[in-house]
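Below: run-v7.tsv (TSV, C-alpha atoms)
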chain	number	residue	atom	x	y	z
A	1	VAL	CA	2.85	-4.54	5.73
A	2	ALA	CA	5.58	-6.77	7.15
A	3	LEU	CA	5.73	-5.15	10.57
A	4	SER	CA	1.93	-5.03	10.99
A	5	SER	CA	1.61	-8.68	9.98
A	6	VAL	CA	4.46	-9.88	12.20
A	7	VAL	CA	3.24	-7.95	15.25
A	8	MET	CA	-0.26	-9.37	14.81
A	9	ALA	CA	0.98	-12.96	14.45
A	10	ASP	CA	3.43	-12.69	17.34
A	11	LEU	CA	0.81	-11.24	19.67
A	12	TYR	CA	-1.69	-13.95	18.79
A	13	ASN	CA	0.85	-16.72	19.37
A	14	HIS	CA	1.61	-15.19	22.77
A	15	GLY	CA	-2.01	-15.47	23.89
A	16	VAL	CA	-3.57	-12.21	22.72
A	17	PRO	CA	-7.09	-12.75	21.28
A	18	MET	CA	-7.05	-12.64	17.48
A	19	GLU	CA	-9.65	-9.86	17.38
A	20	LEU	CA	-7.43	-7.64	19.53
A	21	ALA	CA	-4.34	-8.62	17.51
A	22	VAL	CA	-6.14	-7.50	14.33
A	23	ILE	CA	-6.93	-4.12	15.87
A	24	ILE	CA	-3.32	-3.72	16.99
A	25	CYS	CA	-2.19	-4.66	13.48
A	26	LEU	CA	-4.22	-1.74	12.09
A	27	LEU	CA	-2.89	0.61	14.76
A	28	VAL	CA	0.71	-0.39	14.02
A	29	GLY	CA	0.22	0.37	10.33
A	30	ALA	CA	-1.38	3.73	11.08
A	31	LEU	CA	1.43	4.59	13.51
A	32	CYS	CA	4.10	3.71	10.93
A	33	GLY	CA	2.34	5.91	8.39
A	34	PHE	CA	2.07	8.74	10.90
A	35	ILE	CA	5.81	8.50	11.63
A	36	ASN	CA	6.50	8.67	7.88
A	37	GLY	CA	4.35	11.78	7.58
A	38	LEU	CA	5.91	13.39	10.64
A	39	LEU	CA	9.44	12.88	9.31
A	40	ILE	CA	8.49	14.26	5.89
A	41	VAL	CA	6.79	17.29	7.41
A	42	LYS	CA	9.67	18.04	9.79
A	43	LEU	CA	12.56	17.19	7.44
A	44	LYS	CA	11.50	19.35	4.50
A	45	GLU	CA	14.92	19.15	2.87
A	46	LEU	CA	14.57	15.38	2.37
A	47	SER	CA	12.58	13.78	-0.42
A	48	ALA	CA	9.54	11.76	0.63
A	49	VAL	CA	10.92	8.85	-1.42
A	50	ILE	CA	14.16	8.85	0.60
A	51	VAL	CA	12.33	9.04	3.93
A	52	THR	CA	9.90	6.24	3.14
A	53	LEU	CA	12.64	3.99	1.73
A	54	ALA	CA	14.59	4.50	4.96
A	55	THR	CA	11.60	3.75	7.19
A	56	MET	CA	10.71	0.74	5.03
A	57	ILE	CA	14.12	-0.75	5.85
A	58	LEU	CA	13.68	0.21	9.50
A	59	TYR	CA	10.20	-1.34	9.83
A	60	ARG	CA	11.23	-4.56	8.13
A	61	GLY	CA	14.30	-4.67	10.37
A	62	ILE	CA	12.05	-4.50	13.44
A	63	ALA	CA	9.97	-7.32	11.97
A	64	TYR	CA	13.14	-9.41	11.66
A	65	MET	CA	14.00	-8.59	15.28
A	66	ILE	CA	10.61	-9.92	16.38
A	67	LEU	CA	10.50	-13.16	14.38
A	68	GLU	CA	14.10	-13.43	13.14
A	69	ASP	CA	13.82	-15.72	10.10
A	70	GLN	CA	10.95	-17.80	11.45
A	71	ALA	CA	7.36	-18.16	10.27
A	72	SER	CA	4.35	-17.59	12.50
A	73	GLY	CA	0.80	-18.77	11.92
A	74	ASN	CA	-1.78	-21.18	13.36
A	75	PHE	CA	-4.49	-18.55	13.07
A	76	PRO	CA	-8.15	-19.28	13.93
A	77	GLU	CA	-10.41	-20.58	11.15
A	78	TRP	CA	-12.47	-17.40	10.84
A	79	PHE	CA	-9.33	-15.40	9.94
A	80	SER	CA	-8.86	-17.43	6.74
A	81	PHE	CA	-12.20	-16.05	5.48
A	82	LEU	CA	-10.52	-12.69	4.79
A	83	GLY	CA	-8.29	-14.15	2.11
A	84	TRP	CA	-10.33	-17.13	0.93
A	85	GLY	CA	-13.97	-16.38	1.72
A	86	TYR	CA	-16.76	-15.72	-0.79
A	87	VAL	CA	-19.91	-13.61	-0.50
A	88	GLY	CA	-22.56	-14.47	-3.09
A	89	GLY	CA	-19.94	-16.16	-5.26
A	90	ILE	CA	-17.67	-13.08	-5.20
A	91	PRO	CA	-14.32	-13.21	-3.35
A	92	PHE	CA	-14.59	-11.22	-0.11
A	93	ILE	CA	-11.18	-9.68	-0.75
A	94	LEU	CA	-12.44	-8.28	-4.10
A	95	ILE	CA	-15.53	-6.79	-2.43
A	96	VAL	CA	-13.36	-5.04	0.16
A	97	PHE	CA	-11.04	-3.75	-2.59
A	98	ILE	CA	-13.95	-2.29	-4.56
A	99	VAL	CA	-15.47	-0.68	-1.45
A	100	PHE	CA	-12.19	1.03	-0.53
A	101	ALA	CA	-11.61	2.09	-4.16
A	102	VAL	CA	-15.05	3.73	-4.27
A	103	ILE	CA	-14.60	5.41	-0.89
A	104	PHE	CA	-11.16	6.83	-1.67
A	105	GLY	CA	-12.24	7.73	-5.20
A	106	LEU	CA	-15.12	9.80	-3.82
A	107	VAL	CA	-12.86	11.41	-1.21
A	108	LEU	CA	-10.20	12.23	-3.80
A	109	HIS	CA	-12.47	13.58	-6.54
A	110	LYS	CA	-15.57	14.88	-4.74
A	111	THR	CA	-14.40	16.49	-1.50
A	112	THR	CA	-12.48	19.56	-0.41
A	113	PHE	CA	-9.91	17.27	1.21
A	114	GLY	CA	-9.29	15.64	-2.16
A	115	ARG	CA	-8.87	19.02	-3.87
A	116	TYR	CA	-6.36	19.96	-1.19
A	117	ILE	CA	-4.37	16.80	-1.98
A	118	TYR	CA	-4.21	17.70	-5.68
A	119	ALA	CA	-3.25	21.29	-4.86
A	120	ILE	CA	-0.45	20.20	-2.52
A	121	GLY	CA	0.80	17.73	-5.11
A	122	ASN	CA	0.95	20.45	-7.76
A	123	ASN	CA	2.54	23.16	-5.61
A	124	PRO	CA	2.91	22.80	-1.82
A	125	THR	CA	4.31	26.32	-1.42
A	126	ALA	CA	1.42	27.97	-3.23
A	127	SER	CA	-0.99	25.75	-1.29
A	128	ARG	CA	0.48	26.88	2.02
A	129	PHE	CA	0.14	30.56	1.07
A	130	SER	CA	-3.43	29.87	-0.04
A	131	GLY	CA	-4.33	28.84	3.49
A	132	ILE	CA	-4.33	25.07	2.97
A	133	PRO	CA	-3.06	23.23	6.08
A	134	VAL	CA	-0.33	21.44	4.12
A	135	GLN	CA	1.40	19.75	7.06
A	136	ARG	CA	-1.85	18.43	8.54
A	137	ILE	CA	-3.04	17.10	5.17
A	138	LYS	CA	0.28	15.32	4.61
A	139	LEU	CA	0.11	13.74	8.06
A	140	ILE	CA	-3.42	12.49	7.39
A	141	VAL	CA	-2.52	11.11	3.96
A	142	PHE	CA	0.55	9.22	5.20
A	143	THR	CA	-1.35	7.90	8.22
A	144	LEU	CA	-4.10	6.63	5.91
A	145	THR	CA	-1.45	5.04	3.71
A	146	GLY	CA	-0.01	3.21	6.72
A	147	LEU	CA	-3.49	2.12	7.78
A	148	MET	CA	-4.18	0.67	4.32
A	149	ALA	CA	-0.82	-1.11	4.40
A	150	ALA	CA	-2.04	-2.78	7.61
A	151	VAL	CA	-5.30	-3.75	5.88
A	152	THR	CA	-3.14	-5.30	3.17
A	153	ALA	CA	-1.23	-7.16	5.89
A	154	LEU	CA	-4.49	-8.67	7.19
A	155	PHE	CA	-5.60	-10.02	3.83
A	156	LEU	CA	-2.14	-11.11	2.69
A	157	THR	CA	-1.48	-12.94	5.96
A	158	SER	CA	-4.88	-14.60	5.77
A	159	LYS	CA	-4.21	-15.64	2.17
A	160	MET	CA	-0.84	-17.16	3.02
A	161	GLY	CA	-1.96	-18.71	6.32
A	162	SER	CA	1.23	-17.54	8.03
A	163	THR	CA	3.69	-14.67	8.02
A	164	ARG	CA	7.42	-14.04	7.93
A	165	PRO	CA	9.49	-10.85	8.15
A	166	ASN	CA	10.04	-10.94	4.38
A	167	ILE	CA	6.32	-10.87	3.60
A	168	ALA	CA	5.40	-8.36	0.84
A	169	ASN	CA	9.06	-8.09	-0.18
A	170	MET	CA	9.48	-6.02	-3.38
A	171	TYR	CA	5.77	-5.13	-3.42
A	172	GLU	CA	6.84	-1.49	-3.60
A	173	LEU	CA	7.98	-2.06	-7.20
A	174	GLU	CA	4.55	-3.39	-8.19
A	175	VAL	CA	2.77	-0.56	-6.38
A	176	ILE	CA	4.83	2.06	-8.24
A	177	ALA	CA	4.23	0.23	-11.53
A	178	MET	CA	0.48	0.18	-10.89
A	179	VAL	CA	0.12	3.87	-10.07
A	180	VAL	CA	2.41	5.04	-12.87
A	181	LEU	CA	0.71	2.74	-15.38
A	182	GLY	CA	-2.60	4.13	-14.11
A	183	GLY	CA	-1.59	7.65	-15.07
A	184	VAL	CA	-0.64	8.96	-11.63
A	185	SER	CA	2.21	11.46	-11.76
A	186	THR	CA	5.11	10.65	-9.45
A	187	ALA	CA	5.70	14.41	-9.23
A	188	GLY	CA	2.26	14.78	-7.65
A	189	GLY	CA	-0.97	16.57	-8.44
A	190	LYS	CA	-2.14	14.43	-11.39
A	191	GLY	CA	-3.97	11.15	-11.78
A	192	LYS	CA	-7.35	9.55	-11.17
A	193	MET	CA	-8.48	6.68	-8.98
A	194	ILE	CA	-10.06	4.80	-11.88
A	195	GLY	CA	-6.72	4.73	-13.72
A	196	ALA	CA	-4.95	3.23	-10.72
A	197	VAL	CA	-7.72	0.64	-10.23
A	198	ILE	CA	-7.56	-0.44	-13.88
A	199	ALA	CA	-3.76	-0.72	-13.61
A	200	VAL	CA	-4.11	-2.95	-10.54
A	201	PHE	CA	-6.20	-5.41	-12.57
A	202	LEU	CA	-3.86	-5.17	-15.57
A	203	ILE	CA	-0.81	-6.05	-13.45
A	204	GLY	CA	-2.82	-8.78	-11.73
A	205	PHE	CA	-3.90	-10.35	-15.01
A	206	LEU	CA	-0.34	-10.01	-16.36
A	207	ARG	CA	1.04	-11.88	-13.35
A	208	TYR	CA	-1.68	-14.53	-13.69
A	209	TRP	CA	-0.94	-15.03	-17.40
A	210	LEU	CA	2.82	-15.16	-16.81
A	211	GLY	CA	2.22	-17.79	-14.14
A	212	LEU	CA	0.11	-19.86	-16.55
A	213	VAL	CA	2.97	-19.94	-19.08
A	214	ASN	CA	5.44	-20.87	-16.30
A	215	VAL	CA	7.41	-17.63	-16.29
A	216	GLY	CA	9.60	-17.52	-13.15
A	217	ALA	CA	9.10	-15.01	-10.35
A	218	GLN	CA	12.39	-13.23	-11.05
A	219	THR	CA	11.55	-12.90	-14.74
A	220	GLN	CA	8.16	-11.48	-13.77
A	221	LEU	CA	9.94	-8.77	-11.78
A	222	ILE	CA	12.04	-7.90	-14.83
A	223	ILE	CA	8.91	-7.65	-16.99
A	224	ILE	CA	7.09	-5.48	-14.45
A	225	GLY	CA	10.18	-3.27	-14.08
A	226	GLY	CA	10.34	-2.86	-17.86
A	227	LEU	CA	6.63	-2.04	-17.92
A	228	LEU	CA	7.25	0.62	-15.27
A	229	ILE	CA	9.96	2.26	-17.38
A	230	ILE	CA	7.76	2.23	-20.50
A	231	ALA	CA	4.80	3.70	-18.59
A	232	ALA	CA	6.99	6.46	-17.12
A	233	MET	CA	8.36	7.30	-20.58
A	234	LEU	CA	4.86	7.46	-22.09
A	235	LEU	CA	3.67	9.76	-19.29
A	236	GLY	CA	6.70	11.98	-19.80
A	237	TRP	CA	6.02	12.25	-23.54
A	238	LYS	CA	2.35	12.99	-22.83
A	239	ARG	CA	3.24	15.84	-20.45
A	240	GLN	CA	5.69	17.30	-22.96
A	241	ALA	CA	3.08	17.14	-25.72
A	242	SER	CA	0.52	18.91	-23.56
Conversion result in structure tokens:
Amino acid sequence: VALSSVVMADLYNHGVPMELAVIICLLVGALCGFINGLLIVKLKELSAVIVTLATMILYRGIAYMILEDQASGNFPEWFSFLGWGYVGGIPFILIVFIVFAVIFGLVLHKTTFGRYIYAIGNNPTASRFSGIPVQRIKLIVFTLTGLMAAVTALFLTSKMGSTRPNIANMYELEVIAMVVLGGVSTAGGKGKMIGAVIAVFLIGFLRYWLGLVNVGAQTQLIIIGGLLIIAAMLLGWKRQAS
């Protein structure tokens, strides 16, 4: 998210048309995701968590090299519509979220590709011997993840009106909390899109309510971290019971 946003802003402020900068932003995200997938496929002895944590530090470091500790903005007016625009009284950002949730939900639950993802999550070795192209599927999934991170960068940058290298800092904690709370197994192979979507709204409403009662940002992180631990414990107990 940070690298895609910073590259887009820096290109625009160096004279690149905003439309082209947006496209490059998406390409940067997809490339970062592809690199993640390539490393995970090639370095089988390393955990995906370790690889992606390492590349997260690397990508944010590159963002700091580009902008240092400065902010970059002054985007055209039409770009602000992504984060602040309404269509028929509904926030445009919410419409886009719902569209992507439906698309990926259908892909995950109604297609052969989705069944492959579940199979690989449950047992990659058995999937490989069953003829599933495990490495190719992983590359596609991580590339899509990077692409969606770039989409996030577009909307987040539009919402903020500017960007810095520390944009989306600690968002990984909230993402993990959302998917675990939504019933997605961190071991892979289990979970549904609807659970993750509901968890997104639950965390969002929780943050909104905590903001209304003037709970500080650092305290909110503690609460979300505690919620993550509780959700993980409940899922563990549920798996043991079943």
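Close contacts of Gly114 (chain A), defined as residues with an atom at most 12 Å away when counting all atoms listed in the file, with chain neighbours fewer than 3 positions off set aside, comprise Ile103, Phe104, Gly105, Leu106, Val107, Leu108, His109, Lys110, Thr111, Ile117, Tyr118, Ala119, Ile120, Gly121, Ile132, Ile137, Lys138, Ile140, Val141, Gly189, Lys190, Gly191, Lys192 and Met193 of chain A.
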Of A:Phe34, A:Phe201, A:Phe79, A:Phe100, the one nearest to Thr52 (chain A) when counting all atoms listed in the file is A:Phe34
| request: Give as a PyMOL selection string each residue that has an atom at most 12 Å from (0.3, 10.7, 7.4) in the file, counting all atoms listed in the file. | output: chain A and resi 29-41+48+52+134-148
Prev. selection, C-alpha atoms, output as a short mmCIF file (atom, residue, chain, number, x, y, z; two decimals), in the coordinates of the input:
data_model
loop_
_atom_site.label_atom_id
_atom_site.label_comp_id
_atom_site.auth_asym_id
_atom_site.auth_seq_id
_atom_site.Cartn_x
_atom_site.Cartn_y
_atom_site.Cartn_z
CA GLY A 29 0.22 0.37 10.33
CA ALA A 30 -1.38 3.73 11.08
CA LEU A 31 1.43 4.59 13.51
CA CYS A 32 4.10 3.71 10.93
CA GLY A 33 2.34 5.91 8.39
CA PHE A 34 2.07 8.74 10.90
CA ILE A 35 5.81 8.50 11.63
CA ASN A 36 6.50 8.67 7.88
CA GLY A 37 4.35 11.78 7.58
CA LEU A 38 5.91 13.39 10.64
CA LEU A 39 9.44 12.88 9.31
CA ILE A 40 8.49 14.26 5.89
CA VAL A 41 6.79 17.29 7.41
CA ALA A 48 9.54 11.76 0.63
CA THR A 52 9.90 6.24 3.14
CA VAL A 134 -0.33 21.44 4.12
CA GLN A 135 1.40 19.75 7.06
CA ARG A 136 -1.85 18.43 8.54
CA ILE A 137 -3.04 17.10 5.17
CA LYS A 138 0.28 15.32 4.61
CA LEU A 139 0.11 13.74 8.06
CA ILE A 140 -3.42 12.49 7.39
CA VAL A 141 -2.52 11.11 3.96
CA PHE A 142 0.55 9.22 5.20
CA THR A 143 -1.35 7.90 8.22
CA LEU A 144 -4.10 6.63 5.91
CA THR A 145 -1.45 5.04 3.71
CA GLY A 146 -0.01 3.21 6.72
CA LEU A 147 -3.49 2.12 7.78
CA MET A 148 -4.18 0.67 4.32
#
Who sits within 10 Å of region 55-67 of chain A, all atoms listed in the file, same chain under 6 positions skipped, as a PyMOL selection string = chain A and resi 1-7+9-10+32-33+35-36+39+163-167+169+172
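CA of Leu154 (chain A) to CA of Ile222 (chain A) spans 27.5 Å [interatomic distance, one decimal].
Take the candidates A:Pro124, A:Gly73, A:Gly225, A:Gly204 and check each one against Val180 (chain A) using all atoms listed in the file; the shortest distance goes to A:Gly225.
Across A:Ser47, A:Ser158, A:Thr125, A:Thr112, the tightest approach to Glu77 (chain A) is made by A:Ser158 when counting only C-alpha atoms.
Each of A:Leu235, A:Ile95, A:Ile224, A:Ala71 was checked against Met160 (chain A) using all atoms listed in the file; the smallest atom-to-atom distance is that of A:Ala71.
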Closest of A:Leu206, A:Leu228, A:Leu212, A:Ala217 to Gly182 (chain A), counting only C-alpha atoms, is A:Leu228
Pairwise distance, CA of Asn74 (chain A) with CA of Ser162 (chain A), equals 7.1 Å
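In this structure, CA of Gly226 (chain A) sits 11.4 Å away from CA of Leu181 (chain A).
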* Mind checking which residues fall within 8 Å of Met178 (chain A), counting all atoms listed in the file, ignoring those fewer than 5 positions away in the same chain, and posting them as JSON, numbers by chain? => {"A": [196, 199, 200, 203]}
